[in-house]
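Here's target_35.pdb, which has PDB, C-alpha atoms:
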```
ATOM      1  CA  CYS G1423     -25.793  17.300  64.272
ATOM      2  CA  LEU G1424     -25.635  15.154  61.132
ATOM      3  CA  GLN G1425     -23.747  12.467  63.046
ATOM      4  CA  ARG G1426     -26.584  12.266  65.599
ATOM      5  CA  GLU G1427     -29.078  11.927  62.755
ATOM      6  CA  ARG G1428     -26.930   9.227  61.171
ATOM      7  CA  ASP G1429     -26.723   7.366  64.492
ATOM      8  CA  ALA G1430     -30.515   7.567  64.880
ATOM      9  CA  ALA G1431     -31.067   6.392  61.304
ATOM     10  CA  GLU G1432     -28.596   3.554  61.834
ATOM     11  CA  ALA G1433     -30.470   2.500  64.994
ATOM     12  CA  THR G1434     -33.741   2.501  63.025
ATOM     13  CA  MET G1435     -32.145   0.370  60.329
ATOM     14  CA  ILE G1436     -30.807  -2.100  62.907
ATOM     15  CA  GLU G1437     -34.259  -2.344  64.471
ATOM     16  CA  ALA G1438     -35.860  -3.012  61.073
ATOM     17  CA  LEU G1439     -33.174  -5.575  60.273
ATOM     18  CA  GLY G1440     -33.926  -7.308  63.566
ATOM     19  CA  GLY G1441     -37.589  -7.517  62.589
ATOM     20  CA  ALA G1442     -36.771  -8.874  59.144
ATOM     21  CA  LEU G1443     -34.428 -11.464  60.644
ATOM     22  CA  ALA G1444     -37.084 -12.522  63.163
ATOM     23  CA  VAL G1445     -39.590 -13.106  60.361
ATOM     24  CA  ALA G1446     -36.939 -14.946  58.335
ATOM     25  CA  GLN G1447     -36.111 -17.144  61.327
ATOM     26  CA  GLU G1448     -39.783 -17.989  61.825
ATOM     27  CA  LEU G1449     -40.029 -18.867  58.168
ATOM     28  CA  GLY G1450     -36.922 -21.004  58.510
ATOM     29  CA  GLU G1451     -38.357 -22.851  61.487
ATOM     30  CA  THR G1452     -41.532 -23.551  59.522
ATOM     31  CA  SER G1453     -39.771 -24.593  56.327
ATOM     32  CA  GLY G1454     -36.706 -26.239  57.854
ATOM     33  CA  SER G1455     -34.448 -24.057  55.699
ATOM     34  CA  GLU G1456     -32.042 -21.255  56.579
ATOM     35  CA  ILE G1457     -32.336 -19.624  53.150
ATOM     36  CA  ALA G1458     -34.542 -16.725  54.309
ATOM     37  CA  VAL G1459     -32.114 -15.732  57.083
ATOM     38  CA  LEU G1460     -29.138 -16.055  54.739
ATOM     39  CA  ALA G1461     -30.929 -13.960  52.107
ATOM     40  CA  VAL G1462     -31.762 -11.165  54.575
ATOM     41  CA  GLU G1463     -28.176 -11.113  55.875
ATOM     42  CA  ALA G1464     -26.670 -11.146  52.368
ATOM     43  CA  SER G1465     -28.978  -8.408  51.099
ATOM     44  CA  GLN G1466     -28.188  -6.219  54.122
ATOM     45  CA  GLN G1467     -24.443  -6.631  53.607
ATOM     46  CA  ALA G1468     -24.760  -5.856  49.892
ATOM     47  CA  TRP G1469     -26.914  -2.786  50.541
ATOM     48  CA  GLN G1470     -24.518  -1.417  53.173
ATOM     49  CA  ALA G1471     -21.536  -1.930  50.836
ATOM     50  CA  TYR G1472     -23.413  -0.116  48.046
ATOM     51  CA  ARG G1473     -24.458   2.729  50.370
ATOM     52  CA  ASP G1474     -20.937   3.214  51.685
ATOM     53  CA  THR G1475     -19.381   3.203  48.214
ATOM     54  CA  ALA G1476     -22.014   5.545  46.760
ATOM     55  CA  CYS G1477     -21.587   8.004  49.633
ATOM     56  CA  GLU G1478     -17.797   7.921  49.376
ATOM     57  CA  ALA G1479     -18.086   8.663  45.662
ATOM     58  CA  ARG G1480     -20.467  11.568  46.255
ATOM     59  CA  ALA G1481     -18.150  13.005  48.913
ATOM     60  CA  ALA G1482     -15.136  12.685  46.594
ATOM     61  CA  PHE G1483     -16.623  15.373  44.340
ATOM     62  CA  MET G1484     -16.790  17.990  47.104
ATOM     63  CA  ALA G1485     -14.342  20.876  47.074
ATOM     64  CA  SER G1486     -13.335  20.831  50.744
ATOM     65  CA  ALA G1487     -12.679  18.053  53.226
ATOM     66  CA  SER G1488     -15.188  19.360  55.770
ATOM     67  CA  GLU G1489     -17.871  19.645  53.105
ATOM     68  CA  ALA G1490     -17.038  16.130  51.887
ATOM     69  CA  ASP G1491     -17.382  14.726  55.404
ATOM     70  CA  ALA G1492     -20.789  16.353  55.840
ATOM     71  CA  VAL G1493     -21.988  15.110  52.449
ATOM     72  CA  GLU G1494     -20.814  11.568  53.192
ATOM     73  CA  VAL G1495     -22.647  11.472  56.541
ATOM     74  CA  ALA G1496     -25.813  13.018  55.058
ATOM     75  CA  CYS G1497     -25.680  10.589  52.151
ATOM     76  CA  ALA G1498     -25.565   7.628  54.527
ATOM     77  CA  ILE G1499     -28.750   8.872  56.216
ATOM     78  CA  GLU G1500     -30.792   9.377  53.020
ATOM     79  CA  PRO G1501     -31.675   5.772  52.137
ATOM     80  CA  ILE G1502     -32.595   5.035  55.745
ATOM     81  CA  SER G1503     -34.656   8.152  56.411
ATOM     82  CA  GLY G1504     -36.317   8.222  53.009
ATOM     83  CA  GLY G1505     -35.070  11.469  51.551
ATOM     84  CA  PRO G1506     -32.224  13.882  50.999
ATOM     85  CA  ILE G1507     -30.770  15.479  54.120
ATOM     86  CA  MET G1508     -28.664  18.056  52.291
ATOM     87  CA  LYS G1509     -27.751  18.744  48.705
ATOM     88  CA  PRO G1510     -24.322  19.898  47.506
ATOM     89  CA  ALA G1511     -24.242  23.554  46.503
TER
END
```
Once you've parsed the file, please lay out its structure as structure tokens.
Amino acid sequence: CLQRERDAAEATMIEALGGALAVAQELGETSGSEIAVLAVEASQQAWQAYRDTACEARAAFMASASEADAVEVACAIEPISGGPIMKPA
């Protein structure tokens, strides 16, 4: 269930990224510079690295492996969906 939610959230993020890149490309065509596209791509990569590391750290504090897996997946959904999916007990 959480994995489906994560997949849906990931699809939403990819769609939003596509929109941001389209705007950045338009800006680049107008300005003659690729800086907007490069900035969007770099910020997305940095955010995903942060999200993954933060979620791995949160999961590392769980008592059981199955609980840790669920917390890691839920954590990855939070920043995309806008709020906590589940809180550790």
Applying the PyMOL selection byres ((chain G and resi 1470) around 12) to the file I just gave you, which residues come out? Please list them as a PDB file with C-alpha atoms, keeping the file's coordinate frame.
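What ended up in result_35.pdb:
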```pdb
ATOM      1  CA  GLU G1432     -28.596   3.554  61.834  1.00  0.00           C
ATOM      2  CA  MET G1435     -32.145   0.370  60.329  1.00  0.00           C
ATOM      3  CA  ILE G1436     -30.807  -2.100  62.907  1.00  0.00           C
ATOM      4  CA  LEU G1439     -33.174  -5.575  60.273  1.00  0.00           C
ATOM      5  CA  GLU G1463     -28.176 -11.113  55.875  1.00  0.00           C
ATOM      6  CA  ALA G1464     -26.670 -11.146  52.368  1.00  0.00           C
ATOM      7  CA  SER G1465     -28.978  -8.408  51.099  1.00  0.00           C
ATOM      8  CA  GLN G1466     -28.188  -6.219  54.122  1.00  0.00           C
ATOM      9  CA  GLN G1467     -24.443  -6.631  53.607  1.00  0.00           C
ATOM     10  CA  ALA G1468     -24.760  -5.856  49.892  1.00  0.00           C
ATOM     11  CA  TRP G1469     -26.914  -2.786  50.541  1.00  0.00           C
ATOM     12  CA  ALA G1471     -21.536  -1.930  50.836  1.00  0.00           C
ATOM     13  CA  TYR G1472     -23.413  -0.116  48.046  1.00  0.00           C
ATOM     14  CA  ARG G1473     -24.458   2.729  50.370  1.00  0.00           C
ATOM     15  CA  ASP G1474     -20.937   3.214  51.685  1.00  0.00           C
ATOM     16  CA  THR G1475     -19.381   3.203  48.214  1.00  0.00           C
ATOM     17  CA  ALA G1476     -22.014   5.545  46.760  1.00  0.00           C
ATOM     18  CA  CYS G1477     -21.587   8.004  49.633  1.00  0.00           C
ATOM     19  CA  ALA G1498     -25.565   7.628  54.527  1.00  0.00           C
ATOM     20  CA  ILE G1499     -28.750   8.872  56.216  1.00  0.00           C
ATOM     21  CA  PRO G1501     -31.675   5.772  52.137  1.00  0.00           C
ATOM     22  CA  ILE G1502     -32.595   5.035  55.745  1.00  0.00           C
TER      23      ILE G1502
END
```
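For the atom pair formed by CA of Gln1425 (chain G) and CA of Gly1441 (chain G), the distance is 24.3 Å, given to one decimal.
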* To do: Spell out the residues picked by the PyMOL selection byres ((chain G and resi 1492) around 12) here, as a ChimeraX atom specification.
  => /G:1423-1425,1427-1428,1477-1478,1480-1482,1484-1491,1493-1499,1507-1510
Same residues, C-alpha atoms, saved as an mmCIF file, in the coordinates of the input:
```cif
data_model
loop_
_atom_site.group_PDB
_atom_site.id
_atom_site.type_symbol
_atom_site.label_atom_id
_atom_site.label_comp_id
_atom_site.auth_asym_id
_atom_site.auth_seq_id
_atom_site.Cartn_x
_atom_site.Cartn_y
_atom_site.Cartn_z
ATOM 1 C CA CYS G 1423 -25.793 17.300 64.272
ATOM 2 C CA LEU G 1424 -25.635 15.154 61.132
ATOM 3 C CA GLN G 1425 -23.747 12.467 63.046
ATOM 4 C CA GLU G 1427 -29.078 11.927 62.755
ATOM 5 C CA ARG G 1428 -26.930 9.227 61.171
ATOM 6 C CA CYS G 1477 -21.587 8.004 49.633
ATOM 7 C CA GLU G 1478 -17.797 7.921 49.376
ATOM 8 C CA ARG G 1480 -20.467 11.568 46.255
ATOM 9 C CA ALA G 1481 -18.150 13.005 48.913
ATOM 10 C CA ALA G 1482 -15.136 12.685 46.594
ATOM 11 C CA MET G 1484 -16.790 17.990 47.104
ATOM 12 C CA ALA G 1485 -14.342 20.876 47.074
ATOM 13 C CA SER G 1486 -13.335 20.831 50.744
ATOM 14 C CA ALA G 1487 -12.679 18.053 53.226
ATOM 15 C CA SER G 1488 -15.188 19.360 55.770
ATOM 16 C CA GLU G 1489 -17.871 19.645 53.105
ATOM 17 C CA ALA G 1490 -17.038 16.130 51.887
ATOM 18 C CA ASP G 1491 -17.382 14.726 55.404
ATOM 19 C CA VAL G 1493 -21.988 15.110 52.449
ATOM 20 C CA GLU G 1494 -20.814 11.568 53.192
ATOM 21 C CA VAL G 1495 -22.647 11.472 56.541
ATOM 22 C CA ALA G 1496 -25.813 13.018 55.058
ATOM 23 C CA CYS G 1497 -25.680 10.589 52.151
ATOM 24 C CA ALA G 1498 -25.565 7.628 54.527
ATOM 25 C CA ILE G 1499 -28.750 8.872 56.216
ATOM 26 C CA ILE G 1507 -30.770 15.479 54.120
ATOM 27 C CA MET G 1508 -28.664 18.056 52.291
ATOM 28 C CA LYS G 1509 -27.751 18.744 48.705
ATOM 29 C CA PRO G 1510 -24.322 19.898 47.506
#
```
Centre and edges of the region 1457-1472 of chain G box, axis-aligned, 4 Å extra per side, as lines of an AutoDock Vina configuration file:
```
center_x = -28.0
center_y = -9.9
center_z = 52.6
size_x = 21.0
size_y = 27.5
size_z = 17.0
```
* To one decimal place, how far is CA of Gln1447 (chain G) from CA of Ala1430 (chain G) in Å? -> 25.6 Å
* Asked: Between G:Ala1479, G:Ala1438, G:Ala1431, G:Ala1446, which one has atoms that come closest to Leu1460 (chain G), using all atoms listed in the file?
  ->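 Among the listed residues, the smallest separation from Leu1460 (chain G) belongs to G:Ala1446.
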* CA of Ala1461 (chain G) and CA of Glu1500 (chain G) are how many Å apart? ->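 These atoms are spaced 23.4 Å apart.
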Where atoms are lacking, region 1457-1468 of chain G completed to all heavy atoms, as a compact mmCIF listing (two decimals), keeping the file's coordinate frame:
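Generated file (selection08.txt):
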```txt
# COMPACT_ATOMS: atom_id res chain seq x y z
N ILE G 1457 -32.52 -20.49 54.31
CA ILE G 1457 -32.34 -19.62 53.15
C ILE G 1457 -32.87 -18.21 53.38
O ILE G 1457 -32.26 -17.24 52.93
CB ILE G 1457 -32.94 -20.25 51.87
CG1 ILE G 1457 -32.48 -19.49 50.62
CG2 ILE G 1457 -34.46 -20.29 51.94
CD1 ILE G 1457 -31.05 -19.71 50.27
N ALA G 1458 -33.98 -18.07 54.08
CA ALA G 1458 -34.54 -16.73 54.31
C ALA G 1458 -33.60 -15.88 55.16
O ALA G 1458 -33.36 -14.71 54.85
CB ALA G 1458 -35.92 -16.83 54.96
N VAL G 1459 -33.05 -16.46 56.22
CA VAL G 1459 -32.11 -15.73 57.08
C VAL G 1459 -30.86 -15.37 56.29
O VAL G 1459 -30.39 -14.22 56.35
CB VAL G 1459 -31.75 -16.56 58.34
CG1 VAL G 1459 -30.62 -15.89 59.10
CG2 VAL G 1459 -32.96 -16.74 59.23
N LEU G 1460 -30.34 -16.33 55.54
CA LEU G 1460 -29.14 -16.06 54.74
C LEU G 1460 -29.40 -14.97 53.70
O LEU G 1460 -28.54 -14.11 53.46
CB LEU G 1460 -28.66 -17.34 54.06
CG LEU G 1460 -28.18 -18.44 55.01
CD1 LEU G 1460 -27.88 -19.72 54.24
CD2 LEU G 1460 -26.98 -17.99 55.82
N ALA G 1461 -30.59 -14.97 53.12
CA ALA G 1461 -30.93 -13.96 52.11
C ALA G 1461 -31.03 -12.57 52.73
O ALA G 1461 -30.54 -11.59 52.15
CB ALA G 1461 -32.24 -14.34 51.41
N VAL G 1462 -31.66 -12.46 53.90
CA VAL G 1462 -31.76 -11.16 54.58
C VAL G 1462 -30.37 -10.65 54.93
O VAL G 1462 -30.03 -9.49 54.70
CB VAL G 1462 -32.66 -11.25 55.83
CG1 VAL G 1462 -32.55 -9.99 56.67
CG2 VAL G 1462 -34.10 -11.50 55.44
N GLU G 1463 -29.54 -11.53 55.49
CA GLU G 1463 -28.18 -11.11 55.88
C GLU G 1463 -27.36 -10.69 54.66
O GLU G 1463 -26.67 -9.67 54.69
CB GLU G 1463 -27.48 -12.25 56.62
CG GLU G 1463 -28.05 -12.50 58.00
CD GLU G 1463 -27.50 -13.75 58.66
OE1 GLU G 1463 -26.89 -14.60 57.98
OE2 GLU G 1463 -27.68 -13.87 59.90
N ALA G 1464 -27.43 -11.48 53.58
CA ALA G 1464 -26.67 -11.15 52.37
C ALA G 1464 -27.15 -9.85 51.75
O ALA G 1464 -26.34 -9.02 51.31
CB ALA G 1464 -26.77 -12.29 51.36
N SER G 1465 -28.47 -9.64 51.71
CA SER G 1465 -28.98 -8.41 51.10
C SER G 1465 -28.59 -7.19 51.93
O SER G 1465 -28.27 -6.13 51.39
CB SER G 1465 -30.49 -8.48 50.89
OG SER G 1465 -31.17 -8.57 52.11
N GLN G 1466 -28.58 -7.33 53.26
CA GLN G 1466 -28.19 -6.22 54.12
C GLN G 1466 -26.72 -5.87 53.90
O GLN G 1466 -26.36 -4.70 53.80
CB GLN G 1466 -28.45 -6.56 55.59
CG GLN G 1466 -28.07 -5.45 56.55
CD GLN G 1466 -28.91 -4.19 56.39
OE1 GLN G 1466 -30.00 -4.23 55.83
NE2 GLN G 1466 -28.42 -3.08 56.88
N GLN G 1467 -25.87 -6.87 53.84
CA GLN G 1467 -24.44 -6.63 53.61
C GLN G 1467 -24.21 -5.97 52.25
O GLN G 1467 -23.42 -5.02 52.14
CB GLN G 1467 -23.65 -7.94 53.70
CG GLN G 1467 -23.56 -8.47 55.10
CD GLN G 1467 -22.95 -9.87 55.15
OE1 GLN G 1467 -22.67 -10.49 54.13
NE2 GLN G 1467 -22.75 -10.37 56.36
N ALA G 1468 -24.91 -6.44 51.23
CA ALA G 1468 -24.76 -5.86 49.89
C ALA G 1468 -25.25 -4.41 49.87
O ALA G 1468 -24.60 -3.53 49.28
CB ALA G 1468 -25.52 -6.70 48.87
```
